[in-house]
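J.: Quick one: structure below, then a few questions.
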Amino acid sequence: MHLIEFDERQQLFHLKNEQISYIMNIASGGYLQQVYFGKRLQVYSGIRAYPDLNIQFSPNPAHDKDRSYSLDVSLLEYPGNGFGDFRIPAHSIYHENGSQVTDLRFKRYEIRQGKPTLTSLPATYVMDASEAETLLIVLEDVGSKIEMELSYTIYKDRNVITRSTVVRNTGSENHMIKKAASMSLDFANRPFDLLQLHGSWGNERQLCREKISPGIKLLDSKRGASSHQHNPFVCLVEPSTDETHGEAYGFCLVYSGNHETMVERDQLGQTRVTMGINSFDFSWKLTAGESFQTPEVVMVYSEQGLNELSSTYHDLFNERLIRGTHKQKERPVLINNWEATYFDFSEEKLLEIIEEAQSLGIELFVLDDGWFGKREDDTTSLGDWVEFEGKLKNGLRFLSQEVHKRGMKFGLWLEPEMISPVSNLYNEHAEWAFHIPGRDSAVARSQYVLNFALSEVRDNIYQQLKAILDTVEVDYIKWDMNRNMTEVYSLDLPAEEQGSTAHRYMLGVYAFVERLRSDYPELLLEGCAGGGGRFDAGWLYYMPQIWTSDNSDAVSRLKIQYGTSLAYPPSSMGAHVSAIPNHQTQRSTSLATRGNVAMSGVLGYELDISSLTTIEKEEIKEQIAFYKQHRSLFQFGKFVRLLDPFLGNEAAWMFISKDKKEAVVFYFRVMTQAIRPLQVLKLQQLLPDRQYRVNGSDIYLGDELMYAGFFIDPGLEGDYASQLFHLKALEVE
Ligand code: GLA
């Protein structure tokens with residue numbers, strides 16, 4: 001069966017698999033229109049043809065004979081501006097004469113097996129050409145000789161369509177791209193809600209749901225990274241859609257830099273969503289013969305609510321975005337010394353922690369900030385990636401060997417994109433830091449950003465890192481990025497091309513990590529940007545896990561991890577048990593609750609375990625043993641959200657194996673009260689006819705556990721309480 005068909009008679013493209021259909025048609029005059037995106041249709045025979053509308057005041061295309069077609073209201077696939085569509089344009093291109101009208105008409109199409117890669121950018125992929133088909137539609141503005149190649153990939157077995165665009169200059173003039181969205185999609189009049197993940201440092205990816213009202217909503221980052229504030233992911237859902245019911249459309253940008261999502265409800269109640277590189281302050285000069293590739297957007301359709309939408313993203317990202325040795329490999333339980341010691345560590349202290357870690361079953365020791373240059377605090381040494389002479393008595397290599405001797409792995413913290421004004425690198429190459437000649441630069445955390453768009457900068461840092469990696473036995477890198485970008489200016493570019501710097505920077509960072517990955521394929525990389533300031537699908541292409549937030553408080557993490565799970569799989573979420581009172585919120589929660597929250601991601605510890613009581617150590621040992629026993633379930637099982645902490649005082653979720661024979665359920669209650677409401681917890685996804693043993697004792701059928709549910713123990717006491725349930729299906733004789 002073909003996944004993509006072109007119906008010559010109706011001039012219609014139909015992308016479909018067993019679950020979804022995406023339909024476009026070429027309207028009279030050659031405009032590419034959106035017809036339908038949703039649950040699979042066997043055939044489309046024209047019932048949804050857009051009505052002829054004669055709207056007073058709306059322009060009609062040049063040479064149009066009647067007044068019934070206007071771009072002002074049509075549902076379009078890649079709209080421009082200045083030609084009769086007054087809504088958000090998907091692109092804006094300045095020509096040499098200063099005009100920016102593009103009149104894109106259909107030129108040709110091509111259907112390919114599989115999915116082509118994107119030049120220099122991260123993207124989802126196929127392992128075999130039979131997994132997907134790709135439709136390339138070329139639209140052309142004859143006047144400027146600009147071609148837009150719209151790429152649509154449909155996967156055979158997933159409710160996924162990916163989109164991206166190539167802008168091509170086939171003429172002899174130069175053009176300036178001001179905006180080139182990855183995609184734009186128009187929906188006929190529907191009362192959508194918008195779901196977005198907003199936040200701040202220590203409070204990332206908070207779920208916000210709002211009704212889409214007339215006008216434009218902009219969600220973006222101008223910070224140089226995808227940001228703590230607005231994640232490049234949104235959903236459009238029906239007002240009645242919840243975790244288990246209703247239609248939901250997800251849009252996830254595979255990019256880690258400045259991004260922009262715009263949602264507009266127009267005069268007819270139609271909704272347009274565009275997503276891509278942020279057009280604010282962006283420009284890209286396109287000389288004759290050149291092309292510009294936009295990042296990719298992963299669109300997911302679910303007719304069974306948000307859990308199904310998330311599962312589709314999780315599976316796709318685990319299976320066809322994340323790459324390399326550690327893809328789908330169980331990730332080690334780690335201990336990180338940051339919250340244990342901050343900058344104040346010695347070899348003795350670290351060995352004490354390592355010794356203890358080994359006895360508790362921890363598999364990876366990560367030495368965080370402070371091991372290089374003269375880094376006693378956060379004011380110096382970024383850019384000087386040489387060992388801090390004398391800080392560790394026997395040196396870094398010795399420490400890595402000591403860790404390995406104990407059968408553990410060794411990891412190191414790095415912040416390669418940064419430079420401290422107090423550093424040897426800055427003394428030698430102050431010009432490599434982003435700055436504008438003649439102006440003072442803003443500092444953040446006492447540091448500047450290196451211009452990673454420049455190959456000489458990348459080479460210098462690469463050689464420094466290589467020297468470390470070739471002497472110290474490093475298995476893991478925590479790649480940090482601790483400030484937003486300002487004075488984004490490249491000394492090697494002419495004035496008119498400065499608007500391309502932020503994107504060139506991102507391409508430089510991607511090229512750097514790609515080189516690192518290919519030279520050191522065994523390295524496990526974990527992303528970080530002041531916690532989760534760069535938690536996006538682009539970064540996951542290079543790093544299979546990301547530190548979810550600097551806020552390790554178990555209660556804050558309920559919302560942070562719940563929100564993050566909307567798009568990103570638990571296998572990608574670094575989650576640590578830390579000390580109490582918590583260093584970010586001063587809250588004290590039980591070790592059990594801290595463990596239950598951290599087990600819901602990639603489990604780690606970030607506290608001075610050598611100073612714990614014997615009872616606490618025993619409890620941690622048990623947590624780790626339990627986690628290891630069920631690790632593939634936690635990291636790669638199906639994650640199902642049951643109770644939403646954004647809606648109340650409780651949270652619950654479960655992990656269930658793909659064969660549905662095993663599950664672990666977590667329940668959390670934030671605040672207690674004298675008389676507590678009785679909560680019935682209903683599970684999901686179990687086999688209704690199968691018997692499950694719960695917590696090693698009682699046996700219930702799956703349907704009972706799902707449809708009748710069970711009461712949470714009314715005796716569960718105290719604030720920040722939690723419970724864990726383990727379910728195992730009985731073998732059928
Ligand atoms: C950032 C990270 C932390 C830690 C510090 C070290 O804030 O998010 O986890 O690594 O830097 O300086």
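By convention here, the chains of the structure tokens are called A, B, ... in the order presented, each chain's residues are numbered starting at 1, and ligands are numbered starting at 1 in the order presented.
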Looking only at the backbone, which of the residues in region 68-281 of chain A does DSSP tag as strand (DSSP E), as a short mmCIF file (atom, residue, chain, number, x, y, z; two decimals) with N, CA, C and O atoms, in the first residue's frame?

T.:
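Saved as selection-v9.cif:
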data_model
loop_
_atom_site.label_atom_id
_atom_site.label_comp_id
_atom_site.auth_asym_id
_atom_site.auth_seq_id
_atom_site.Cartn_x
_atom_site.Cartn_y
_atom_site.Cartn_z
N HIS A 91 6.29 32.64 5.65
CA HIS A 91 7.60 33.12 5.19
C HIS A 91 7.51 34.59 4.81
O HIS A 91 6.43 35.11 4.54
N SER A 92 8.68 35.21 4.81
CA SER A 92 8.75 36.60 4.39
C SER A 92 10.15 36.78 3.80
O SER A 92 11.16 36.54 4.47
N ILE A 93 10.18 37.16 2.53
CA ILE A 93 11.47 37.23 1.83
C ILE A 93 11.59 38.57 1.12
O ILE A 93 10.73 38.92 0.30
N TYR A 94 12.64 39.30 1.45
CA TYR A 94 12.86 40.60 0.80
C TYR A 94 13.67 40.40 -0.47
O TYR A 94 14.72 39.76 -0.45
N ARG A 105 3.01 29.37 -6.24
CA ARG A 105 2.09 28.49 -6.97
C ARG A 105 2.75 27.12 -7.14
O ARG A 105 3.98 27.01 -7.24
N PHE A 106 1.91 26.12 -7.25
CA PHE A 106 2.41 24.75 -7.39
C PHE A 106 3.27 24.61 -8.65
O PHE A 106 2.92 25.08 -9.72
N LYS A 107 4.42 23.94 -8.50
CA LYS A 107 5.27 23.72 -9.66
C LYS A 107 5.43 22.23 -9.97
O LYS A 107 5.22 21.79 -11.09
N ARG A 108 5.83 21.45 -8.98
CA ARG A 108 6.00 20.01 -9.22
C ARG A 108 5.97 19.27 -7.88
O ARG A 108 6.03 19.89 -6.82
N TYR A 109 5.90 17.96 -7.97
CA TYR A 109 5.99 17.18 -6.74
C TYR A 109 6.76 15.90 -7.01
O TYR A 109 6.97 15.51 -8.17
N GLU A 110 7.17 15.28 -5.93
CA GLU A 110 7.92 14.03 -6.03
C GLU A 110 7.62 13.21 -4.78
O GLU A 110 7.51 13.78 -3.69
N ILE A 111 7.47 11.90 -4.96
CA ILE A 111 7.25 11.04 -3.79
C ILE A 111 8.46 10.13 -3.64
O ILE A 111 8.89 9.51 -4.61
N ARG A 112 9.02 10.11 -2.44
CA ARG A 112 10.19 9.26 -2.20
C ARG A 112 9.91 8.24 -1.12
O ARG A 112 9.20 8.52 -0.16
N GLN A 113 10.51 7.08 -1.27
CA GLN A 113 10.47 6.08 -0.21
C GLN A 113 11.34 6.58 0.94
O GLN A 113 12.38 7.20 0.70
N ALA A 132 8.53 4.69 5.93
CA ALA A 132 7.88 5.98 5.70
C ALA A 132 7.94 6.36 4.23
O ALA A 132 8.72 5.78 3.46
N GLU A 133 7.10 7.30 3.85
CA GLU A 133 7.21 7.91 2.52
C GLU A 133 7.26 9.41 2.68
O GLU A 133 6.68 9.96 3.62
N THR A 134 7.93 10.05 1.75
CA THR A 134 8.07 11.50 1.82
C THR A 134 7.56 12.15 0.54
O THR A 134 7.89 11.72 -0.57
N LEU A 135 6.76 13.17 0.74
CA LEU A 135 6.24 13.95 -0.38
C LEU A 135 6.97 15.29 -0.41
O LEU A 135 7.01 16.00 0.61
N LEU A 136 7.56 15.61 -1.55
CA LEU A 136 8.20 16.91 -1.71
C LEU A 136 7.36 17.71 -2.69
O LEU A 136 7.15 17.28 -3.83
N ILE A 137 6.84 18.83 -2.23
CA ILE A 137 6.04 19.67 -3.11
C ILE A 137 6.80 20.97 -3.33
O ILE A 137 7.18 21.64 -2.36
N VAL A 138 7.02 21.30 -4.58
CA VAL A 138 7.74 22.54 -4.87
C VAL A 138 6.74 23.60 -5.31
O VAL A 138 5.98 23.41 -6.26
N LEU A 139 6.75 24.72 -4.58
CA LEU A 139 5.95 25.89 -4.95
C LEU A 139 6.92 26.94 -5.48
O LEU A 139 8.07 27.01 -5.04
N GLU A 140 6.46 27.75 -6.41
CA GLU A 140 7.39 28.74 -6.98
C GLU A 140 6.76 30.12 -7.07
O GLU A 140 5.57 30.25 -7.39
N ASP A 141 7.55 31.11 -6.76
CA ASP A 141 7.17 32.49 -7.04
C ASP A 141 7.90 32.88 -8.33
O ASP A 141 9.12 33.10 -8.32
N ILE A 146 12.01 32.29 -6.56
CA ILE A 146 12.17 31.58 -5.27
C ILE A 146 11.32 30.32 -5.33
O ILE A 146 10.15 30.37 -5.69
N GLU A 147 11.94 29.22 -4.97
CA GLU A 147 11.20 27.97 -4.84
C GLU A 147 11.12 27.59 -3.36
O GLU A 147 12.09 27.73 -2.63
N MET A 148 9.96 27.09 -2.97
CA MET A 148 9.80 26.55 -1.62
C MET A 148 9.56 25.07 -1.78
O MET A 148 8.57 24.68 -2.43
N GLU A 149 10.43 24.28 -1.20
CA GLU A 149 10.19 22.84 -1.25
C GLU A 149 9.64 22.41 0.10
O GLU A 149 10.34 22.45 1.12
N LEU A 150 8.37 22.04 0.11
CA LEU A 150 7.72 21.61 1.35
C LEU A 150 7.86 20.10 1.45
O LEU A 150 7.53 19.37 0.52
N SER A 151 8.39 19.66 2.59
CA SER A 151 8.62 18.23 2.76
C SER A 151 7.64 17.67 3.79
O SER A 151 7.49 18.24 4.88
N TYR A 152 6.97 16.57 3.43
CA TYR A 152 6.02 15.90 4.34
C TYR A 152 6.41 14.43 4.40
O TYR A 152 6.41 13.77 3.36
N THR A 153 6.72 13.95 5.60
CA THR A 153 6.97 12.51 5.73
C THR A 153 5.85 11.90 6.57
O THR A 153 5.51 12.43 7.63
N ILE A 154 5.31 10.81 6.06
CA ILE A 154 4.34 10.06 6.87
C ILE A 154 4.95 8.69 7.19
O ILE A 154 5.47 8.01 6.31
N TYR A 155 4.92 8.36 8.48
CA TYR A 155 5.40 7.05 8.91
C TYR A 155 4.29 6.02 8.73
O TYR A 155 3.12 6.34 8.91
N VAL A 160 2.15 10.09 12.89
CA VAL A 160 3.12 11.18 12.81
C VAL A 160 3.26 11.67 11.38
O VAL A 160 3.34 10.87 10.45
N ILE A 161 3.29 12.99 11.25
CA ILE A 161 3.73 13.60 9.98
C ILE A 161 4.80 14.62 10.33
O ILE A 161 4.61 15.43 11.24
N THR A 162 5.94 14.53 9.67
CA THR A 162 6.97 15.54 9.91
C THR A 162 7.00 16.50 8.73
O THR A 162 6.72 16.11 7.59
N ARG A 163 7.30 17.74 9.04
CA ARG A 163 7.37 18.75 7.97
C ARG A 163 8.62 19.60 8.11
O ARG A 163 9.09 19.86 9.21
N SER A 164 9.13 20.03 6.99
CA SER A 164 10.21 21.03 6.98
C SER A 164 10.19 21.68 5.60
O SER A 164 9.44 21.23 4.72
N THR A 165 10.98 22.72 5.43
CA THR A 165 10.93 23.48 4.18
C THR A 165 12.34 23.84 3.73
O THR A 165 13.20 24.14 4.57
N VAL A 166 12.55 23.79 2.43
CA VAL A 166 13.80 24.31 1.87
C VAL A 166 13.44 25.52 1.00
O VAL A 166 12.55 25.44 0.15
N VAL A 167 14.11 26.64 1.26
CA VAL A 167 13.92 27.83 0.42
C VAL A 167 15.07 27.83 -0.59
O VAL A 167 16.23 27.74 -0.20
N ARG A 168 14.73 27.93 -1.87
CA ARG A 168 15.76 27.83 -2.89
C ARG A 168 15.74 29.07 -3.79
O ARG A 168 14.66 29.49 -4.23
N ASN A 169 16.89 29.62 -4.03
CA ASN A 169 16.97 30.77 -4.93
C ASN A 169 17.45 30.27 -6.30
O ASN A 169 18.62 29.97 -6.48
N HIS A 175 18.39 37.47 -2.32
CA HIS A 175 17.19 37.71 -1.52
C HIS A 175 17.55 37.62 -0.05
O HIS A 175 18.55 37.01 0.31
N MET A 176 16.74 38.24 0.78
CA MET A 176 16.98 38.18 2.22
C MET A 176 15.77 37.50 2.86
O MET A 176 14.66 38.03 2.82
N ILE A 177 16.02 36.32 3.43
CA ILE A 177 14.93 35.64 4.13
C ILE A 177 14.76 36.32 5.49
O ILE A 177 15.71 36.40 6.26
N LYS A 178 13.58 36.80 5.77
CA LYS A 178 13.28 37.38 7.09
C LYS A 178 12.56 36.36 7.95
O LYS A 178 12.62 36.40 9.17
N LYS A 179 11.84 35.49 7.28
CA LYS A 179 11.15 34.45 8.02
C LYS A 179 11.00 33.23 7.13
O LYS A 179 10.64 33.37 5.95
N ALA A 180 11.28 32.08 7.66
CA ALA A 180 11.00 30.84 6.94
C ALA A 180 10.58 29.82 7.99
O ALA A 180 11.41 29.20 8.66
N ALA A 181 9.28 29.71 8.19
CA ALA A 181 8.76 28.76 9.18
C ALA A 181 9.00 27.35 8.68
O ALA A 181 9.11 27.10 7.47
N SER A 182 9.08 26.42 9.62
CA SER A 182 9.21 25.02 9.23
C SER A 182 7.90 24.51 8.66
O SER A 182 7.89 23.70 7.75
N MET A 183 6.82 24.99 9.24
CA MET A 183 5.50 24.57 8.76
C MET A 183 4.45 25.61 9.11
O MET A 183 4.65 26.45 9.99
N SER A 184 3.34 25.52 8.40
CA SER A 184 2.17 26.31 8.72
C SER A 184 0.98 25.41 8.43
O SER A 184 1.00 24.64 7.47
N LEU A 185 -0.01 25.46 9.31
CA LEU A 185 -1.16 24.59 9.11
C LEU A 185 -2.43 25.35 9.47
O LEU A 185 -2.50 25.99 10.52
N ASP A 186 -3.41 25.28 8.58
CA ASP A 186 -4.69 25.95 8.81
C ASP A 186 -5.76 24.91 9.12
O ASP A 186 -5.86 23.89 8.44
N PHE A 187 -6.56 25.21 10.12
CA PHE A 187 -7.70 24.35 10.47
C PHE A 187 -8.98 25.13 10.20
O PHE A 187 -9.07 26.32 10.51
N ASP A 193 -8.56 24.55 22.14
CA ASP A 193 -7.74 25.05 23.25
C ASP A 193 -6.28 24.91 22.84
O ASP A 193 -5.93 24.00 22.08
N LEU A 194 -5.45 25.78 23.39
CA LEU A 194 -4.01 25.70 23.16
C LEU A 194 -3.35 25.20 24.45
O LEU A 194 -3.63 25.71 25.52
N LEU A 195 -2.50 24.21 24.30
CA LEU A 195 -1.71 23.73 25.44
C LEU A 195 -0.26 24.09 25.20
O LEU A 195 0.27 23.79 24.13
N GLN A 196 0.35 24.71 26.17
CA GLN A 196 1.75 25.09 25.99
C GLN A 196 2.54 24.79 27.26
O GLN A 196 1.96 24.65 28.34
N LEU A 197 3.85 24.71 27.13
CA LEU A 197 4.73 24.43 28.26
C LEU A 197 5.60 25.67 28.50
O LEU A 197 6.54 25.92 27.77
N HIS A 198 5.25 26.44 29.52
CA HIS A 198 5.99 27.66 29.82
C HIS A 198 6.73 27.47 31.13
O HIS A 198 6.61 26.43 31.78
N GLN A 206 5.80 24.08 32.59
CA GLN A 206 4.51 24.10 33.32
C GLN A 206 3.40 24.09 32.28
O GLN A 206 3.43 24.85 31.30
N LEU A 207 2.42 23.26 32.55
CA LEU A 207 1.34 23.08 31.59
C LEU A 207 0.34 24.23 31.69
O LEU A 207 -0.14 24.53 32.78
N CYS A 208 0.04 24.84 30.56
CA CYS A 208 -0.96 25.91 30.57
C CYS A 208 -1.95 25.63 29.45
O CYS A 208 -1.55 25.33 28.32
N ARG A 209 -3.23 25.70 29.78
CA ARG A 209 -4.26 25.42 28.78
C ARG A 209 -5.17 26.63 28.68
O ARG A 209 -5.63 27.14 29.70
N GLU A 210 -5.40 27.10 27.50
CA GLU A 210 -6.25 28.28 27.33
C GLU A 210 -7.05 28.17 26.05
O GLU A 210 -6.65 27.49 25.10
N LYS A 211 -8.16 28.86 26.05
CA LYS A 211 -9.01 28.87 24.86
C LYS A 211 -8.35 29.79 23.82
O LYS A 211 -7.85 30.86 24.17
N GLY A 215 -7.31 36.69 17.29
CA GLY A 215 -6.03 37.39 17.41
C GLY A 215 -4.89 36.41 17.34
O GLY A 215 -5.07 35.25 16.94
N ILE A 216 -3.71 36.89 17.76
CA ILE A 216 -2.50 36.08 17.60
C ILE A 216 -1.85 35.82 18.95
O ILE A 216 -1.72 36.73 19.77
N LYS A 217 -1.45 34.60 19.15
CA LYS A 217 -0.69 34.24 20.35
C LYS A 217 0.71 33.87 19.90
O LYS A 217 0.89 33.06 19.00
N LEU A 218 1.71 34.47 20.55
CA LEU A 218 3.10 34.19 20.19
C LEU A 218 3.80 33.54 21.38
O LEU A 218 3.76 34.05 22.49
N LEU A 219 4.45 32.42 21.12
CA LEU A 219 5.27 31.75 22.13
C LEU A 219 6.66 31.63 21.53
O LEU A 219 6.80 31.05 20.45
N ASP A 220 7.67 32.18 22.19
CA ASP A 220 8.96 32.16 21.51
C ASP A 220 10.14 32.18 22.46
O ASP A 220 9.99 32.33 23.67
N HIS A 230 9.71 29.14 27.30
CA HIS A 230 8.73 28.59 26.36
C HIS A 230 9.33 27.42 25.62
O HIS A 230 10.26 27.61 24.84
N ASN A 231 8.82 26.23 25.86
CA ASN A 231 9.33 25.07 25.15
C ASN A 231 8.78 25.07 23.72
O ASN A 231 7.63 25.44 23.51
N PRO A 232 9.60 24.63 22.74
CA PRO A 232 9.11 24.61 21.36
C PRO A 232 8.17 23.44 21.10
O PRO A 232 8.43 22.56 20.27
N PHE A 233 7.10 23.40 21.85
CA PHE A 233 6.10 22.33 21.72
C PHE A 233 4.74 22.91 22.10
O PHE A 233 4.62 23.57 23.13
N VAL A 234 3.75 22.68 21.27
CA VAL A 234 2.37 23.06 21.64
C VAL A 234 1.41 21.98 21.16
O VAL A 234 1.75 21.15 20.31
N CYS A 235 0.21 22.02 21.71
CA CYS A 235 -0.88 21.14 21.25
C CYS A 235 -2.11 21.98 20.99
O CYS A 235 -2.38 22.93 21.74
N LEU A 236 -2.87 21.61 20.01
CA LEU A 236 -4.22 22.13 19.84
C LEU A 236 -5.16 20.98 20.17
O LEU A 236 -4.99 19.87 19.65
N VAL A 237 -6.11 21.24 21.05
CA VAL A 237 -7.03 20.16 21.46
C VAL A 237 -8.47 20.68 21.46
O VAL A 237 -8.72 21.87 21.61
N ALA A 248 -6.40 15.53 19.64
CA ALA A 248 -5.28 16.39 20.01
C ALA A 248 -4.27 16.41 18.87
O ALA A 248 -4.02 15.37 18.24
N TYR A 249 -3.75 17.59 18.60
CA TYR A 249 -2.71 17.76 17.58
C TYR A 249 -1.47 18.32 18.27
O TYR A 249 -1.54 19.37 18.91
N GLY A 250 -0.35 17.63 18.13
CA GLY A 250 0.89 18.11 18.74
C GLY A 250 1.83 18.65 17.67
O GLY A 250 1.85 18.15 16.53
N PHE A 251 2.62 19.66 18.06
CA PHE A 251 3.61 20.26 17.16
C PHE A 251 4.90 20.42 17.95
O PHE A 251 4.91 21.12 18.97
N CYS A 252 5.94 19.77 17.50
CA CYS A 252 7.19 19.80 18.26
C CYS A 252 8.33 20.14 17.31
O CYS A 252 8.54 19.45 16.31
N LEU A 253 9.03 21.20 17.64
CA LEU A 253 10.12 21.66 16.77
C LEU A 253 11.41 20.94 17.15
O LEU A 253 11.78 20.89 18.33
N VAL A 254 12.10 20.43 16.14
CA VAL A 254 13.35 19.71 16.39
C VAL A 254 14.50 20.72 16.23
O VAL A 254 15.21 20.74 15.22
N HIS A 259 13.23 30.13 18.75
CA HIS A 259 12.10 29.56 18.03
C HIS A 259 10.86 30.42 18.20
O HIS A 259 10.82 31.29 19.08
N GLU A 260 9.89 30.12 17.37
CA GLU A 260 8.67 30.94 17.36
C GLU A 260 7.49 30.04 17.00
O GLU A 260 7.53 29.34 16.00
N THR A 261 6.47 30.07 17.85
CA THR A 261 5.22 29.40 17.51
C THR A 261 4.14 30.47 17.54
O THR A 261 4.06 31.23 18.51
N MET A 262 3.38 30.57 16.48
CA MET A 262 2.29 31.54 16.47
C MET A 262 0.99 30.81 16.18
O MET A 262 0.94 29.92 15.34
N VAL A 263 -0.03 31.23 16.91
CA VAL A 263 -1.35 30.63 16.71
C VAL A 263 -2.32 31.78 16.48
O VAL A 263 -2.36 32.73 17.27
N GLU A 264 -3.05 31.71 15.41
CA GLU A 264 -3.97 32.80 15.09
C GLU A 264 -5.37 32.27 14.84
O GLU A 264 -5.55 31.27 14.13
N ARG A 265 -6.33 32.93 15.44
CA ARG A 265 -7.73 32.62 15.11
C ARG A 265 -8.21 33.78 14.24
O ARG A 265 -8.14 34.95 14.64
N THR A 271 -8.21 28.45 12.49
CA THR A 271 -6.98 28.54 13.29
C THR A 271 -5.76 28.24 12.42
O THR A 271 -5.74 27.24 11.70
N ARG A 272 -4.78 29.11 12.51
CA ARG A 272 -3.50 28.86 11.83
C ARG A 272 -2.42 28.68 12.88
O ARG A 272 -2.36 29.43 13.85
N VAL A 273 -1.59 27.67 12.69
CA VAL A 273 -0.43 27.52 13.57
C VAL A 273 0.83 27.47 12.71
O VAL A 273 0.87 26.77 11.71
N THR A 274 1.82 28.29 13.08
CA THR A 274 3.11 28.23 12.38
C THR A 274 4.20 28.01 13.43
O THR A 274 4.07 28.46 14.57
N MET A 275 5.24 27.34 13.01
CA MET A 275 6.32 27.02 13.94
C MET A 275 7.65 27.00 13.20
O MET A 275 7.70 26.54 12.05
N GLY A 276 8.68 27.51 13.84
CA GLY A 276 9.99 27.45 13.19
C GLY A 276 11.00 28.31 13.94
O GLY A 276 10.80 28.68 15.10
N ILE A 277 12.09 28.64 13.23
CA ILE A 277 13.11 29.54 13.79
C ILE A 277 12.44 30.88 14.06
O ILE A 277 11.60 31.33 13.27
#

J.: What residues of the protein or nucleic acid chains come within 7 Å of ligand 1 when you use only C-alpha atoms and all ligand atoms? Reply as a PDB file with C-alpha atoms, in the first residue's frame.

T.:
ATOM      1  CA  TRP A 338      27.212  19.249  42.682  1.00  0.00           C
ATOM      2  CA  ASP A 368      30.457  18.430  38.262  1.00  0.00           C
ATOM      3  CA  ASP A 369      31.728  22.011  37.991  1.00  0.00           C
ATOM      4  CA  ASP A 378      31.565  30.561  39.018  1.00  0.00           C
ATOM      5  CA  TRP A 413      30.826  18.313  33.643  1.00  0.00           C
ATOM      6  CA  ASP A 480      25.968  22.540  30.375  1.00  0.00           C
ATOM      7  CA  ASN A 482      24.428  28.511  31.707  1.00  0.00           C
ATOM      8  CA  CYS A 528      21.799  20.724  30.620  1.00  0.00           C
ATOM      9  CA  ALA A 529      21.250  24.480  30.504  1.00  0.00           C
ATOM     10  CA  GLY A 530      20.833  25.797  34.033  1.00  0.00           C
ATOM     11  CA  GLY A 531      18.673  22.687  34.423  1.00  0.00           C
ATOM     12  CA  ASP A 550      17.986  22.530  38.602  1.00  0.00           C
TER      13      ASP A 550
END

J.: Enter the distance from CA of Trp539 (chain A) to CA of His503 (chain A), in Å, rounded to one decimal.

T.: 14.4 Å

J.: What is the distance between CA of Met599 (chain A) and CA of Gly532 (chain A), in Å to one decimal?

T.: 17.8 Å

J.: List the neighbours of Arg669 (chain A) out to 10 Å using only C-alpha atoms; skip same-chain residues closer than 2 positions along the sequence, and give me the result as a PyMOL selection string.

T.: chain A and resi 555+593+645+648-652+667+671-672+716-723

J.: For region 490-493 of chain A, please output as number ranges by chain all residues within 10 Å (counting only C-alpha atoms; exclusion window: fewer than 6 positions along the same chain).

T.: A: 431-437, 451-454, 499-502, 504-505

J.: Compare A:Thr564, A:Ser226, A:Gln11, A:Asn695 by their minimum atom-to-atom distance to Gln33 (chain A), counting only C-alpha atoms, and give me the closest one.

T.: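 So, comparing all the options, the nearest one is A:Gln11.
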